[in-house]
Every structure is written in structure tokens, then in C-alpha cells.
Amino acid sequence: GINAEYGANQELIALGAANVVSSFFKAYPSTGSLSRTSESYFTAVKTPMAAIFLGIVLGAVLLFVTPAFEYTPQACLGAVVISSALYMIDYEEIKFLWKLGDLIDSGQVIFVFIVTLLLGPEFGVGSAILISLLVLIYRTSQPPFVRMGRLPKTLVYKDCSRFPEVELPKEILVLRFDSRLFFGNVLWFSEWLYKFEQQFVANGNHLQAIVIDFSGVNSLDSTAVHTMTECITNYKTRNISFVLSSTKGAVRDTMEVSGLAEMIGYDNFFLTTHDAVLYLEDWLKNRVVEVKVEKTASNESDSPDQVQGQMWSRIRTNVGNLFRFGRS
């Protein structure tokens, strides 16, 4: 029935087994008929018995009625096939893709349809596979990489291009990368990281720290590790703090094994973006009011380092234990 669930490979397995057996008896190779599939679908065929009855009818036609079709124009026979195949064209899906504004998918459907119509199904299937691979490469090599800000009166950080009302830190660049980081998009990652930095400085800000939300990153490969190592080394030489938030367990495992986690610093991994920004804001303020901290420490028994440590511990979300226990 229409709502029944079928295995995608069942028909191929059945046809393959039938052809293997029939090859020992010099039988004609069997295959599926697109037009008959369409007719069976729209006539509400329920069981495989329909194919048996269809075979009996076709056999009778071939034996007794073939002379009647001798002078039938091929265009008429082709019209029969086309009329049944028309039901298999999903016009609503094309309209839906166009309505979504997905020009890539809708253009892909139209292109493959035209190729199939002009050159045949073999070229249509080949072009569909090729264009699907090209689209996949394009989308994975240029994933979303956005700047974020905090929504007013919340602890939530969102894309500033979609939420213009967000509050942007003056000395902290907050970003989010939404894809696995691998050799196919590391160049995109490093280029846009540089562009964000240039835009940040061009707006009159003094860059002191960078926070990257890694919640959308599922894995890292060796090329990504090397690229991040180069970026972090560059930021360290310029005295710019590099902090990660919402890093997944599998990504942290890769970072720890490769030594990248130690290079970043276990104290520079935070559970949420807000925790990271809050810690960095306090750290920046601490650099400015260090003299006041020393005066406060002089009136108490604690040393300046102890006072600073107590202040930071109230807002820092240190996830060093998460590395050791391997939690996600």
C-alpha cells in the first residue's frame, strides 16, 4: 500500500537473484518497469500477485494480439509510457523547494529533469550523482561561521546578523562555527577568522580575546588540529586570549590526544558562551584595576593572587575535569 514501508534494496536483491538463476537457462534478463511501477502505485496494488496476473495478461497479448499492434505508430506506444510516467513527477515538491528559497536544490531537480528528458535516464542518474557530490562539497567547504552577541536581559548569544538587537562586547570577539572542522573547510575557517578580526578592529574596537562557540563542531581531523595550532600560536604572540565554549566530548578527546587542549589551556574551555565572556570581561577589568586589588589585599590577610583567584572562581566554569573523565 501507499503507507507501507519498503526496504530500498529489496527490488534490486530480487532482480539480481532472478537474473543469476535465469542466466543458467539462457533466459532474457529481467528488470523493473518504471511505467508499470507507476500504474501499480496509482491503481492501489496491494500484493505481488498483481505481477503474476500482469505477466499472464502480457503473455496472452504477445501470443494472440501482437499482429494487431503491428501497424501502431511508435509515437502512440511512447505516449502510453509517458502518460503513466507523468504521475511519478512530483510537482508539489519542486514548488515546495522553490517556496523555501532553496535555489540549489530546486535548480538541481530542474537540471536533472531536463538532462533526463533530453539525453535519457542513464545520463540523468549520472548527472544527479555528480551534481549532488558538487553540492555536498560546496556546502561542507563553506559552512556557517557567524559573529554573536548577547540578547538583552538574557544569557543567550545569537547571530548578530539575524538579531540586530544583540549586545556586542567591545574587546571580545564572540564567534560560532557550525560544522565539523576538517581539511575541506579549514581554509574557510582561517580566512573568516581573519576577516572577523579585521572587521572588529575596523569598527574601532581593541581586540583582547576571542571566544568561539564549538557546539556545532562534531569532529576534528589532523589538518584542523594543525590549522588551529597555527592560529593559537599567532594569537599568543599578539597577547590575544583564545577561548572555546560548548566543546563536545569527541572534539575534546582529539584536542587532548593531539596536545591542542594543553596548548589552549584547560582553563580556557567553558560550558557556555556566557561563562566564557563573563570570565574574560572580569579578567580584562582585573588587568585595569590590579592596583585596587593589591590595595584590597593589603588590608586583608590574603595575597593579591589569592584575591584575584577568589574573584575569578566565582564566575569561571573550569571544565578541566571533563577532559579527565571524558564526559560529553
# chains A, B, ... in the order shown; residues from 1 in each chain; ligands from 1
>>> residues_around(residues="Arg238 of chain A", least_positions_apart="6", cutoff="12 Å", atoms="only C-alpha atoms", output="list in words")
Leu207, Gln208, Ala209, Cys231 and Ile232 of chain A
>>> select_by_dssp(residues="segment 171-303 of chain A", states="helix (DSSP H, G or I)", output="JSON, numbers by chain")
{"A": [186, 187, 188, 189, 190, 191, 192, 193, 194, 195, 196, 197, 198, 199, 200, 201, 202, 222, 223, 224, 225, 226, 227, 228, 229, 230, 231, 232, 233, 234, 235, 236, 237, 249, 250, 251, 252, 253, 254, 255, 256, 257, 258, 260, 261, 262, 263, 264, 266, 267, 268, 273, 274, 275, 276, 277, 278, 279, 280, 281, 282, 283, 284, 285, 286, 287, 288, 290, 291, 292, 293, 294, 295, 296, 297, 298]}
>>> residues_around(residues="Asp159 of chain A", least_positions_apart="5", cutoff="8 Å", atoms="only C-alpha atoms", output="ChimeraX atom specification")
/A:146-149
>>> closest_residue(among="A:Asn268, A:Asn9, A:Ser179, A:Ser141", to="Ser241 of chain A", atoms="only C-alpha atoms")
A:Asn268
>>> select_by_dssp(residues="segment 116-324 of chain A", states="strand (DSSP E)", output="count of residues only")
27
>>> closest_residue(among="A:Ser245, A:Gly126, A:Tyr194, A:Ser132", to="Arg176 of chain A", atoms="only C-alpha atoms")
A:Ser245
>>> closest_residue(among="A:Asn286, A:Gln74, A:Ser40, A:Ser219", to="Tyr87 of chain A", atoms="only C-alpha atoms")
A:Ser40
>>> residues_around(residues="Val156 of chain A", least_positions_apart="3", cutoff="8 Å", atoms="only C-alpha atoms", output="compact mmCIF listing (two decimals) with N, CA, C and O atoms, in the first residue's frame")
# COMPACT_ATOMS: atom_id res chain seq x y z
N ARG A 150 25.04 39.00 22.80
CA ARG A 150 24.10 38.58 23.84
C ARG A 150 22.77 39.30 23.70
O ARG A 150 22.72 40.52 23.56
N LEU A 151 21.69 38.53 23.72
CA LEU A 151 20.36 39.12 23.70
C LEU A 151 20.14 39.90 25.00
O LEU A 151 20.50 39.42 26.08
N HIS A 274 28.33 32.31 27.54
CA HIS A 274 28.19 33.38 28.53
C HIS A 274 29.22 33.25 29.64
O HIS A 274 29.78 34.25 30.10
>>> residues_around(residues="Pro169 of chain A", least_positions_apart="3", cutoff="9 Å", atoms="only C-alpha atoms", output="number ranges by chain")
A: 149-150, 172-174, 277, 281
>>> write_last_selection(atoms="N, CA and C atoms", output="mmCIF file, in the first residue's frame")
data_model
loop_
_atom_site.group_PDB
_atom_site.id
_atom_site.type_symbol
_atom_site.label_atom_id
_atom_site.label_comp_id
_atom_site.auth_asym_id
_atom_site.auth_seq_id
_atom_site.Cartn_x
_atom_site.Cartn_y
_atom_site.Cartn_z
ATOM 1 N N GLY A 149 26.294 37.929 19.590
ATOM 2 C CA GLY A 149 26.161 38.876 20.675
ATOM 3 C C GLY A 149 25.095 38.396 21.643
ATOM 4 N N ARG A 150 25.044 39.004 22.804
ATOM 5 C CA ARG A 150 24.098 38.578 23.842
ATOM 6 C C ARG A 150 22.765 39.303 23.698
ATOM 7 N N ILE A 172 35.934 41.814 23.118
ATOM 8 C CA ILE A 172 35.870 40.358 22.978
ATOM 9 C C ILE A 172 35.106 40.021 21.702
ATOM 10 N N LEU A 173 35.713 39.236 20.847
ATOM 11 C CA LEU A 173 35.077 38.796 19.605
ATOM 12 C C LEU A 173 34.469 37.418 19.837
ATOM 13 N N VAL A 174 33.145 37.324 19.747
ATOM 14 C CA VAL A 174 32.431 36.076 20.007
ATOM 15 C C VAL A 174 31.933 35.507 18.675
ATOM 16 N N VAL A 277 32.519 34.588 28.208
ATOM 17 C CA VAL A 277 32.536 36.048 28.085
ATOM 18 C C VAL A 277 32.606 36.701 29.468
ATOM 19 N N GLU A 281 35.547 39.195 30.577
ATOM 20 C CA GLU A 281 35.252 40.565 30.978
ATOM 21 C C GLU A 281 35.836 40.862 32.350
#
>>> atom_distance(atom1="atom CA of Tyr91 of chain A", atom2="atom CA of Ile104 of chain A")
16.7 Å
>>> closest_residue(among="A:Leu280, A:Phe177, A:Val243, A:Lys195", to="Asn218 of chain A", atoms="only C-alpha atoms")
A:Phe177
>>> closest_residue(among="A:Gln142, A:Gln199, A:Thr72, A:Thr229", to="Gly259 of chain A", atoms="only C-alpha atoms")
A:Thr229
>>> residues_around(residues="Ser106 of chain A", least_positions_apart="5", cutoff="12 Å", atoms="only C-alpha atoms", output="MDAnalysis selection string")
chainID A and resid 91:101 111:113
>>> write_last_selection(atoms="all heavy atoms", output="short mmCIF file (atom, residue, chain, number, x, y, z; two decimals), in the first residue's frame")
data_model
loop_
_atom_site.label_atom_id
_atom_site.label_comp_id
_atom_site.auth_asym_id
_atom_site.auth_seq_id
_atom_site.Cartn_x
_atom_site.Cartn_y
_atom_site.Cartn_z
N TYR A 91 5.33 17.47 -8.78
CA TYR A 91 5.35 18.91 -9.00
C TYR A 91 5.33 19.68 -7.68
O TYR A 91 5.95 20.74 -7.56
CB TYR A 91 4.14 19.33 -9.86
CG TYR A 91 4.08 18.65 -11.21
CD1 TYR A 91 3.26 17.55 -11.42
CD2 TYR A 91 4.84 19.12 -12.27
CE1 TYR A 91 3.20 16.93 -12.66
CE2 TYR A 91 4.79 18.50 -13.52
CZ TYR A 91 3.96 17.41 -13.71
OH TYR A 91 3.90 16.80 -14.93
N GLU A 92 4.62 19.16 -6.71
CA GLU A 92 4.49 19.86 -5.44
C GLU A 92 5.82 20.00 -4.72
O GLU A 92 6.07 20.98 -4.03
CB GLU A 92 3.47 19.15 -4.54
CG GLU A 92 2.05 19.15 -5.09
CD GLU A 92 1.52 20.56 -5.27
OE1 GLU A 92 1.84 21.45 -4.44
OE2 GLU A 92 0.78 20.78 -6.24
N GLU A 93 6.68 18.99 -4.87
CA GLU A 93 7.99 19.05 -4.22
C GLU A 93 8.84 20.17 -4.81
O GLU A 93 9.56 20.87 -4.09
CB GLU A 93 8.71 17.71 -4.36
CG GLU A 93 10.06 17.64 -3.67
CD GLU A 93 9.97 17.78 -2.16
OE1 GLU A 93 8.86 17.56 -1.61
OE2 GLU A 93 10.99 18.11 -1.53
N ILE A 94 8.77 20.33 -6.15
CA ILE A 94 9.51 21.42 -6.78
C ILE A 94 9.00 22.77 -6.30
O ILE A 94 9.78 23.69 -5.99
CB ILE A 94 9.40 21.31 -8.31
CG1 ILE A 94 10.00 19.97 -8.79
CG2 ILE A 94 10.12 22.48 -8.98
CD1 ILE A 94 9.87 19.74 -10.27
N LYS A 95 7.66 22.91 -6.21
CA LYS A 95 7.09 24.15 -5.71
C LYS A 95 7.50 24.40 -4.26
O LYS A 95 7.77 25.53 -3.87
CB LYS A 95 5.55 24.09 -5.80
CG LYS A 95 5.02 24.05 -7.21
CD LYS A 95 3.50 23.98 -7.20
CE LYS A 95 2.94 23.90 -8.62
NZ LYS A 95 1.45 23.79 -8.60
N PHE A 96 7.56 23.32 -3.47
CA PHE A 96 7.94 23.44 -2.07
C PHE A 96 9.39 23.92 -1.93
O PHE A 96 9.69 24.79 -1.12
CB PHE A 96 7.75 22.10 -1.36
CG PHE A 96 8.17 22.09 0.07
CD1 PHE A 96 7.43 22.76 1.04
CD2 PHE A 96 9.31 21.40 0.46
CE1 PHE A 96 7.83 22.76 2.36
CE2 PHE A 96 9.71 21.39 1.78
CZ PHE A 96 8.96 22.08 2.74
N LEU A 97 10.29 23.34 -2.73
CA LEU A 97 11.69 23.75 -2.68
C LEU A 97 11.85 25.20 -3.10
O LEU A 97 12.64 25.96 -2.52
CB LEU A 97 12.53 22.84 -3.58
CG LEU A 97 12.69 21.39 -3.13
CD1 LEU A 97 13.41 20.58 -4.19
CD2 LEU A 97 13.43 21.31 -1.80
N TRP A 98 11.10 25.60 -4.12
CA TRP A 98 11.17 26.98 -4.59
C TRP A 98 10.62 27.93 -3.53
O TRP A 98 11.14 29.03 -3.32
CB TRP A 98 10.39 27.12 -5.88
CG TRP A 98 10.63 28.41 -6.59
CD1 TRP A 98 9.91 29.57 -6.49
CD2 TRP A 98 11.70 28.69 -7.50
NE1 TRP A 98 10.46 30.54 -7.28
CE2 TRP A 98 11.56 30.04 -7.91
CE3 TRP A 98 12.76 27.93 -8.01
CZ2 TRP A 98 12.44 30.63 -8.82
CZ3 TRP A 98 13.63 28.53 -8.91
CH2 TRP A 98 13.46 29.86 -9.29
N LYS A 99 9.56 27.52 -2.84
CA LYS A 99 8.96 28.33 -1.78
C LYS A 99 9.92 28.51 -0.62
O LYS A 99 9.98 29.57 0.01
CB LYS A 99 7.66 27.69 -1.31
CG LYS A 99 6.91 28.49 -0.24
CD LYS A 99 5.63 27.78 0.16
CE LYS A 99 4.91 28.56 1.25
NZ LYS A 99 3.65 27.87 1.67
N LEU A 100 10.69 27.47 -0.31
CA LEU A 100 11.68 27.55 0.76
C LEU A 100 12.83 28.47 0.42
O LEU A 100 13.61 28.86 1.31
CB LEU A 100 12.23 26.16 1.10
CG LEU A 100 11.29 25.18 1.81
CD1 LEU A 100 12.00 23.86 2.02
CD2 LEU A 100 10.84 25.75 3.15
N GLY A 101 12.97 28.81 -0.85
CA GLY A 101 14.09 29.64 -1.27
C GLY A 101 15.37 28.86 -1.44
O GLY A 101 16.45 29.45 -1.52
N PHE A 111 17.47 20.77 -13.31
CA PHE A 111 18.58 20.41 -14.20
C PHE A 111 18.57 18.92 -14.52
O PHE A 111 18.70 18.52 -15.69
CB PHE A 111 19.90 20.80 -13.54
CG PHE A 111 21.12 20.36 -14.31
CD1 PHE A 111 21.53 21.06 -15.42
CD2 PHE A 111 21.85 19.24 -13.91
CE1 PHE A 111 22.65 20.65 -16.14
CE2 PHE A 111 22.96 18.83 -14.61
CZ PHE A 111 23.36 19.54 -15.73
N VAL A 112 18.41 18.09 -13.49
CA VAL A 112 18.40 16.64 -13.71
C VAL A 112 17.19 16.23 -14.55
O VAL A 112 17.29 15.34 -15.41
CB VAL A 112 18.40 15.90 -12.35
CG1 VAL A 112 18.19 14.40 -12.55
CG2 VAL A 112 19.70 16.16 -11.61
N PHE A 113 16.06 16.88 -14.34
CA PHE A 113 14.86 16.57 -15.13
C PHE A 113 15.10 16.87 -16.62
O PHE A 113 14.75 16.06 -17.49
CB PHE A 113 13.68 17.39 -14.62
CG PHE A 113 12.44 17.25 -15.45
CD1 PHE A 113 11.64 16.12 -15.35
CD2 PHE A 113 12.07 18.25 -16.34
CE1 PHE A 113 10.49 15.99 -16.12
CE2 PHE A 113 10.94 18.12 -17.12
CZ PHE A 113 10.14 17.00 -17.01
#
>>> residues_around(residues="Asn185 of chain A", least_positions_apart="3", cutoff="7 Å", atoms="only C-alpha atoms", output="PyMOL selection string")
chain A and resi 140-142+181-182+188-189
